[in-house]
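Asks: Below is work_33.cif; it holds mmCIF, C-alpha atoms.
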```cif
data_target
loop_
_atom_site.label_atom_id
_atom_site.label_comp_id
_atom_site.auth_asym_id
_atom_site.auth_seq_id
_atom_site.Cartn_x
_atom_site.Cartn_y
_atom_site.Cartn_z
CA MET A 247 6.99 -24.86 -47.28
CA MET A 248 4.70 -22.42 -45.50
CA MET A 249 4.18 -23.20 -41.82
CA SER A 250 0.67 -22.83 -40.46
CA SER A 251 0.21 -19.96 -38.01
CA LEU A 252 -2.70 -21.71 -36.34
CA PRO A 253 -2.06 -22.92 -32.77
CA LEU A 254 -1.41 -26.63 -32.39
CA PRO A 255 -4.12 -28.70 -30.74
CA GLY A 256 -3.85 -28.42 -26.98
CA HIS A 257 -1.74 -25.25 -27.28
CA ALA A 258 -4.47 -22.69 -27.83
CA SER A 259 -3.71 -19.41 -26.12
CA ARG A 260 -5.64 -18.97 -22.90
CA PRO A 261 -7.90 -15.92 -22.57
CA ARG A 262 -6.62 -13.21 -20.25
CA VAL A 263 -8.46 -12.28 -17.10
CA GLU A 264 -9.08 -8.56 -17.34
CA GLY A 265 -11.60 -5.77 -17.00
CA ASP A 266 -14.58 -6.26 -14.71
CA ARG A 267 -13.78 -9.92 -14.13
CA GLU A 268 -10.27 -9.08 -12.95
CA ARG A 269 -11.67 -6.47 -10.58
CA GLU A 270 -14.21 -8.96 -9.17
CA ILE A 271 -11.43 -11.43 -8.41
CA LEU A 272 -9.24 -8.79 -6.80
CA GLU A 273 -12.14 -7.59 -4.65
CA ALA A 274 -12.76 -11.20 -3.63
CA ALA A 275 -9.08 -11.49 -2.69
CA LEU A 276 -9.35 -8.39 -0.51
CA ALA A 277 -12.44 -9.78 1.20
CA VAL A 278 -10.73 -13.09 1.98
CA LEU A 279 -7.56 -11.27 3.05
CA SER A 280 -9.45 -9.12 5.56
CA GLU A 281 -11.22 -12.18 6.97
CA VAL A 282 -8.38 -14.67 7.36
CA GLY A 283 -5.13 -12.76 6.79
CA TYR A 284 -2.42 -13.43 4.24
CA ASP A 285 -1.06 -16.60 5.86
CA ARG A 286 -4.38 -18.45 5.62
CA LEU A 287 -5.48 -17.04 2.28
CA THR A 288 -5.54 -19.61 -0.53
CA MET A 289 -6.20 -19.42 -4.23
CA ASP A 290 -9.06 -21.89 -3.69
CA ALA A 291 -10.74 -19.57 -1.19
CA VAL A 292 -10.45 -16.57 -3.50
CA ALA A 293 -11.76 -18.58 -6.46
CA LYS A 294 -14.75 -19.70 -4.41
CA ARG A 295 -15.50 -16.15 -3.25
CA ALA A 296 -15.21 -14.85 -6.81
CA LYS A 297 -17.28 -17.73 -8.21
CA ALA A 298 -14.41 -18.61 -10.52
CA SER A 299 -12.31 -21.69 -11.15
CA LYS A 300 -8.81 -21.88 -9.70
CA ALA A 301 -7.56 -22.29 -13.28
CA THR A 302 -9.03 -18.86 -14.08
CA LEU A 303 -6.94 -17.30 -11.33
CA TYR A 304 -3.77 -19.03 -12.49
CA ARG A 305 -4.25 -17.62 -16.00
CA ARG A 306 -3.52 -14.21 -14.53
CA TRP A 307 -1.57 -14.79 -11.29
CA GLU A 308 1.14 -17.40 -10.76
CA ALA A 309 0.69 -17.48 -6.98
CA LYS A 310 -1.05 -15.71 -4.15
CA VAL A 311 1.81 -13.24 -3.73
CA SER A 312 1.10 -11.54 -7.04
CA LEU A 313 -2.67 -11.84 -6.56
CA VAL A 314 -2.62 -10.17 -3.15
CA ILE A 315 -0.23 -7.42 -4.25
CA ASP A 316 -2.52 -6.57 -7.19
CA ALA A 317 -5.51 -6.59 -4.84
CA LEU A 318 -3.75 -4.22 -2.46
CA LEU A 319 -2.90 -1.89 -5.34
CA LEU A 320 -6.55 -1.95 -6.41
CA GLN A 321 -7.61 -0.98 -2.89
CA LYS A 322 -4.91 1.67 -2.47
CA PRO A 323 -3.44 2.78 -5.80
CA ALA A 324 -0.25 4.81 -5.97
CA PRO A 325 -1.09 8.22 -4.48
CA ALA A 326 -0.47 11.53 -6.18
CA THR A 327 1.86 13.89 -4.35
CA PRO A 328 -0.10 16.84 -2.94
CA ASP A 329 1.28 20.28 -3.72
CA THR A 330 -0.50 22.86 -1.56
CA GLY A 331 2.56 25.10 -1.22
CA SER A 332 2.79 24.28 2.49
CA PHE A 333 4.78 21.52 4.20
CA ARG A 334 2.14 21.06 6.91
CA ASP A 335 -0.80 21.07 4.50
CA ASP A 336 0.95 18.63 2.15
CA LEU A 337 1.33 16.18 5.04
CA ILE A 338 -2.33 16.61 6.01
CA ALA A 339 -3.42 16.01 2.41
CA ALA A 340 -1.20 12.94 2.01
CA TYR A 341 -2.16 11.24 5.28
CA CYS A 342 -5.81 12.28 5.57
CA GLY A 343 -6.88 12.01 1.93
CA PRO A 344 -8.58 9.06 0.18
CA GLU A 345 -5.32 7.06 0.14
CA GLY A 346 -4.29 8.15 3.63
CA MET A 347 -3.84 6.31 6.89
CA ILE A 348 -7.11 7.44 8.44
CA GLN A 349 -9.13 5.17 6.14
CA PRO A 350 -10.39 2.22 8.28
CA GLN A 351 -9.76 -0.36 5.57
CA ALA A 352 -6.13 0.74 5.27
CA LEU A 353 -5.35 -0.33 8.83
CA ALA A 354 -7.40 -3.51 8.51
CA ILE A 355 -5.53 -4.56 5.39
CA PHE A 356 -2.16 -3.67 6.94
CA SER A 357 -2.89 -5.79 10.00
CA SER A 358 -3.86 -8.72 7.75
CA VAL A 359 -0.41 -8.75 6.09
CA LEU A 360 1.70 -7.83 9.11
CA THR A 361 2.86 -11.35 9.92
CA ALA A 362 3.50 -12.12 6.24
CA ILE A 363 5.90 -9.17 6.04
CA GLN A 364 7.95 -10.86 8.76
CA ARG A 365 7.64 -14.47 7.64
CA ASP A 366 7.47 -14.42 3.83
CA PRO A 367 10.51 -12.78 2.19
CA GLU A 368 8.99 -12.91 -1.30
CA PHE A 369 5.79 -11.20 -0.21
CA ALA A 370 7.70 -8.70 1.94
CA ALA A 371 9.89 -7.67 -1.00
CA GLU A 372 6.91 -7.20 -3.31
CA PHE A 373 4.92 -5.36 -0.64
CA ARG A 374 7.75 -2.95 0.15
CA THR A 375 8.48 -2.26 -3.51
CA LYS A 376 4.99 -1.99 -5.00
CA VAL A 377 2.72 -1.00 -2.11
CA ILE A 378 4.92 0.90 0.34
CA GLY A 379 7.44 2.21 -2.19
CA PRO A 380 5.11 4.72 -3.91
CA LYS A 381 3.93 6.05 -0.53
CA VAL A 382 7.51 6.51 0.65
CA ALA A 383 8.24 8.38 -2.58
CA VAL A 384 5.36 10.78 -1.85
CA SER A 385 6.71 11.53 1.63
CA HIS A 386 10.20 12.09 0.25
CA GLU A 387 8.89 14.51 -2.36
CA ILE A 388 6.95 16.47 0.27
CA TYR A 389 10.11 16.88 2.35
CA GLU A 390 12.31 17.75 -0.61
CA ARG A 391 9.85 20.41 -1.83
CA ALA A 392 9.69 21.88 1.66
CA LYS A 393 13.48 21.98 1.74
CA ALA A 394 13.56 23.77 -1.61
CA ARG A 395 11.06 26.36 -0.32
CA GLY A 396 13.13 26.91 2.80
CA GLU A 397 10.29 25.75 5.09
CA ILE A 398 12.29 23.06 6.85
CA ARG A 399 15.90 22.56 7.83
CA ALA A 400 18.30 21.92 4.99
CA ASP A 401 20.22 19.39 7.08
CA ILE A 402 17.25 17.06 7.67
CA GLU A 403 17.86 13.41 6.85
CA VAL A 404 14.73 12.75 4.81
CA ASP A 405 15.14 8.97 5.10
CA LEU A 406 14.74 9.34 8.88
CA PHE A 407 11.96 11.91 8.90
CA ALA A 408 9.75 10.70 6.03
CA PRO A 409 8.47 7.49 7.75
CA ALA A 410 8.06 9.16 11.17
CA LEU A 411 4.43 10.23 10.84
CA ALA A 412 3.28 6.81 9.59
CA GLY A 413 5.33 5.10 12.29
CA ILE A 414 3.72 7.14 15.09
CA CYS A 415 0.23 6.51 13.69
CA LEU A 416 0.82 2.76 13.43
CA HIS A 417 2.27 2.62 16.93
CA ARG A 418 -0.79 4.35 18.38
CA ALA A 419 -3.12 2.10 16.37
CA PHE A 420 -1.55 -1.27 17.12
CA MET A 421 0.06 -0.65 20.51
CA LEU A 422 -2.36 1.83 22.11
CA GLY A 423 -5.57 0.96 20.27
CA GLU A 424 -6.05 4.56 19.09
CA ILE A 425 -7.29 4.54 15.50
CA PRO A 426 -5.82 7.57 13.72
CA ASP A 427 -8.21 10.24 12.49
CA GLN A 428 -7.58 13.67 11.02
CA GLU A 429 -7.51 15.29 14.45
CA LEU A 430 -4.80 12.91 15.70
CA VAL A 431 -2.74 13.21 12.52
CA SER A 432 -2.94 17.01 12.74
CA ARG A 433 -1.76 16.96 16.37
CA ILE A 434 1.21 14.75 15.51
CA ILE A 435 2.15 17.01 12.62
CA ASP A 436 1.75 20.25 14.60
CA GLN A 437 3.36 19.12 17.85
CA LEU A 438 6.06 16.73 16.62
CA ILE A 439 6.82 16.69 12.90
CA VAL A 440 6.75 20.40 12.03
CA PRO A 441 8.63 21.56 15.16
CA ALA A 442 11.32 18.91 14.66
CA ALA A 443 11.66 19.71 10.97
CA THR A 444 11.90 23.46 11.47
CA ASN A 445 13.92 23.66 14.70
CA HIS A 446 17.35 24.85 13.59
CA ARG A 447 20.27 23.41 15.50
CA SER A 448 22.29 25.89 17.51
#
```
Could you render the structure as structure tokens?
Replies:
Amino acid sequence: MMMSSLPLPGHASRPRVEGDREREILEAALAVLSEVGYDRLTMDAVAKRAKASKATLYRRWEAKVSLVIDALLLQKPAPATPDTGSFRDDLIAAYCGPEGMIQPQALAIFSSVLTAIQRDPEFAAEFRTKVIGPKVAVSHEIYERAKARGEIRADIEVDLFAPALAGICLHRAFMLGEIPDQELVSRIIDQLIVPAATNHRS
């Protein structure tokens, strides 16, 4: 006997949230995130901001972890690795471009998830893999290309050097209250990163 391919009553497939509607919800999530931080963000608050039902959100995202990660990726997609032919100029392009650290919203969003990175292991793992991971990969590629061109020391431990520029910028922003701009990033690169990367050990 032929079995019907029609869905059973009460088991109809739910429509996906995609396209412009998905973007509206993710933008609403970013707005709520910047206002209250990750810890206080709720699916209800995002649904209200997006003028959507909570059920609509759950059709696409199982919990706020996945919703916030997708929102962060919308705001700062995976960057392309610059290839200017110069170690210094690649760093400038990576850190001062549209996806770089000098964008005001980048620091605001980072501060809104800072406590969650410490307190929520699930969010921290997703954030490090999907948001930070691609940026780390860009830094690694910049260093490896510079090594291959002979611009920097061959013995450099890239895992130690690659996060240094971001770490200095974040320290100055959160500890000293100095928001990084292109001038500051250039000074850090010229006075710290490039000399350290090119100073051959005796």
Asks: If I put a ball of radius 10 Å at (-7.9, -9.7, -1.8) in the file's coordinates, which residues poke into it when counting all atoms listed in the file, written as a list in words?
Replies: Glu270, Ile271, Leu272, Glu273, Ala274, Ala275, Leu276, Ala277, Val278, Leu279, Ser280, Glu281, Gly283, Tyr284, Leu287, Val292, Lys310, Leu313, Val314, Ile315, Asp316, Ala317, Leu318, Leu319, Leu320, Gln321 and Ile355 of chain A
Asks: Give me the residues near Pro323 in chain A as a PyMOL selection string, where near means some atom within 10 Å (using only C-alpha atoms) and where sequence neighbours in that chain fewer than 6 positions away do not count.
Replies: chain A and resi 316-317+345+376-377+380-381
Asks: Out of A:Thr375, A:Ser332, A:Thr361, A:Gln349, which residue has the shortest atom-to-atom distance to Ala394 in chain A when counting all atoms listed in the file?
Replies: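 Of all the options, A:Ser332 lies closest to Ala394 in chain A.
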Asks: Could you write out as an mmCIF file with C-alpha atoms, in the frame of the given file the residues that the PyMOL selection byres ((chain A and resi 439) around 10) matches in the shown file?
Replies:
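This is the output file expr.cif:
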```
data_model
loop_
_atom_site.group_PDB
_atom_site.id
_atom_site.type_symbol
_atom_site.label_atom_id
_atom_site.label_comp_id
_atom_site.auth_asym_id
_atom_site.auth_seq_id
_atom_site.Cartn_x
_atom_site.Cartn_y
_atom_site.Cartn_z
ATOM 1 C CA ARG A 334 2.140 21.060 6.910
ATOM 2 C CA LEU A 337 1.330 16.180 5.040
ATOM 3 C CA PHE A 407 11.960 11.910 8.900
ATOM 4 C CA ALA A 408 9.750 10.700 6.030
ATOM 5 C CA ALA A 410 8.060 9.160 11.170
ATOM 6 C CA LEU A 411 4.430 10.230 10.840
ATOM 7 C CA SER A 432 -2.940 17.010 12.740
ATOM 8 C CA ARG A 433 -1.760 16.960 16.370
ATOM 9 C CA ILE A 434 1.210 14.750 15.510
ATOM 10 C CA ILE A 435 2.150 17.010 12.620
ATOM 11 C CA ASP A 436 1.750 20.250 14.600
ATOM 12 C CA GLN A 437 3.360 19.120 17.850
ATOM 13 C CA LEU A 438 6.060 16.730 16.620
ATOM 14 C CA VAL A 440 6.750 20.400 12.030
ATOM 15 C CA PRO A 441 8.630 21.560 15.160
ATOM 16 C CA ALA A 442 11.320 18.910 14.660
ATOM 17 C CA ALA A 443 11.660 19.710 10.970
ATOM 18 C CA THR A 444 11.900 23.460 11.470
#
```
Asks: List the residues matched by the PyMOL selection byres ((chain A and resi 329) around 10) in the displayed structure as a PDB file with C-alpha atoms, keeping the file's coordinate frame, ordered by chain and then by residue number.
Replies:
```
ATOM      1  CA  ALA A 326      -0.470  11.530  -6.180  1.00  0.00           C
ATOM      2  CA  THR A 327       1.860  13.890  -4.350  1.00  0.00           C
ATOM      3  CA  PRO A 328      -0.100  16.840  -2.940  1.00  0.00           C
ATOM      4  CA  THR A 330      -0.500  22.860  -1.560  1.00  0.00           C
ATOM      5  CA  GLY A 331       2.560  25.100  -1.220  1.00  0.00           C
ATOM      6  CA  SER A 332       2.790  24.280   2.490  1.00  0.00           C
ATOM      7  CA  PHE A 333       4.780  21.520   4.200  1.00  0.00           C
ATOM      8  CA  ASP A 335      -0.800  21.070   4.500  1.00  0.00           C
ATOM      9  CA  ASP A 336       0.950  18.630   2.150  1.00  0.00           C
ATOM     10  CA  LEU A 337       1.330  16.180   5.040  1.00  0.00           C
ATOM     11  CA  ALA A 339      -3.420  16.010   2.410  1.00  0.00           C
ATOM     12  CA  ALA A 340      -1.200  12.940   2.010  1.00  0.00           C
ATOM     13  CA  GLU A 387       8.890  14.510  -2.360  1.00  0.00           C
ATOM     14  CA  ILE A 388       6.950  16.470   0.270  1.00  0.00           C
ATOM     15  CA  ARG A 391       9.850  20.410  -1.830  1.00  0.00           C
TER      16      ARG A 391
END
```
Asks: If the PyMOL selection byres ((chain A and resi 425) around 10) is run on the structure shown, which residues does it catch, given as a PyMOL selection string?
Replies: chain A and resi 347-350+353+415-420+422-424+426-427+430
Asks: For each of A:Arg306, A:Ile338, A:Arg267, A:Gln364, take the minimum atom-to-atom distance to Asp285 in chain A, counting all atoms listed in the file, then give the residue where this is smallest.
Replies: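 That would be A:Gln364, the residue with the smallest distance to Asp285 in chain A.
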Asks: Could you give me the axis-aligned bounding box of range 360-373 of chain A, with 6 Å of padding per side, as centre plus edge lengths in Å to one decimal, as lines of an AutoDock Vina configuration file?
Replies:
```
center_x = 6.1
center_y = -9.9
center_z = 3.3
size_x = 20.8
size_y = 21.1
size_z = 25.2
```
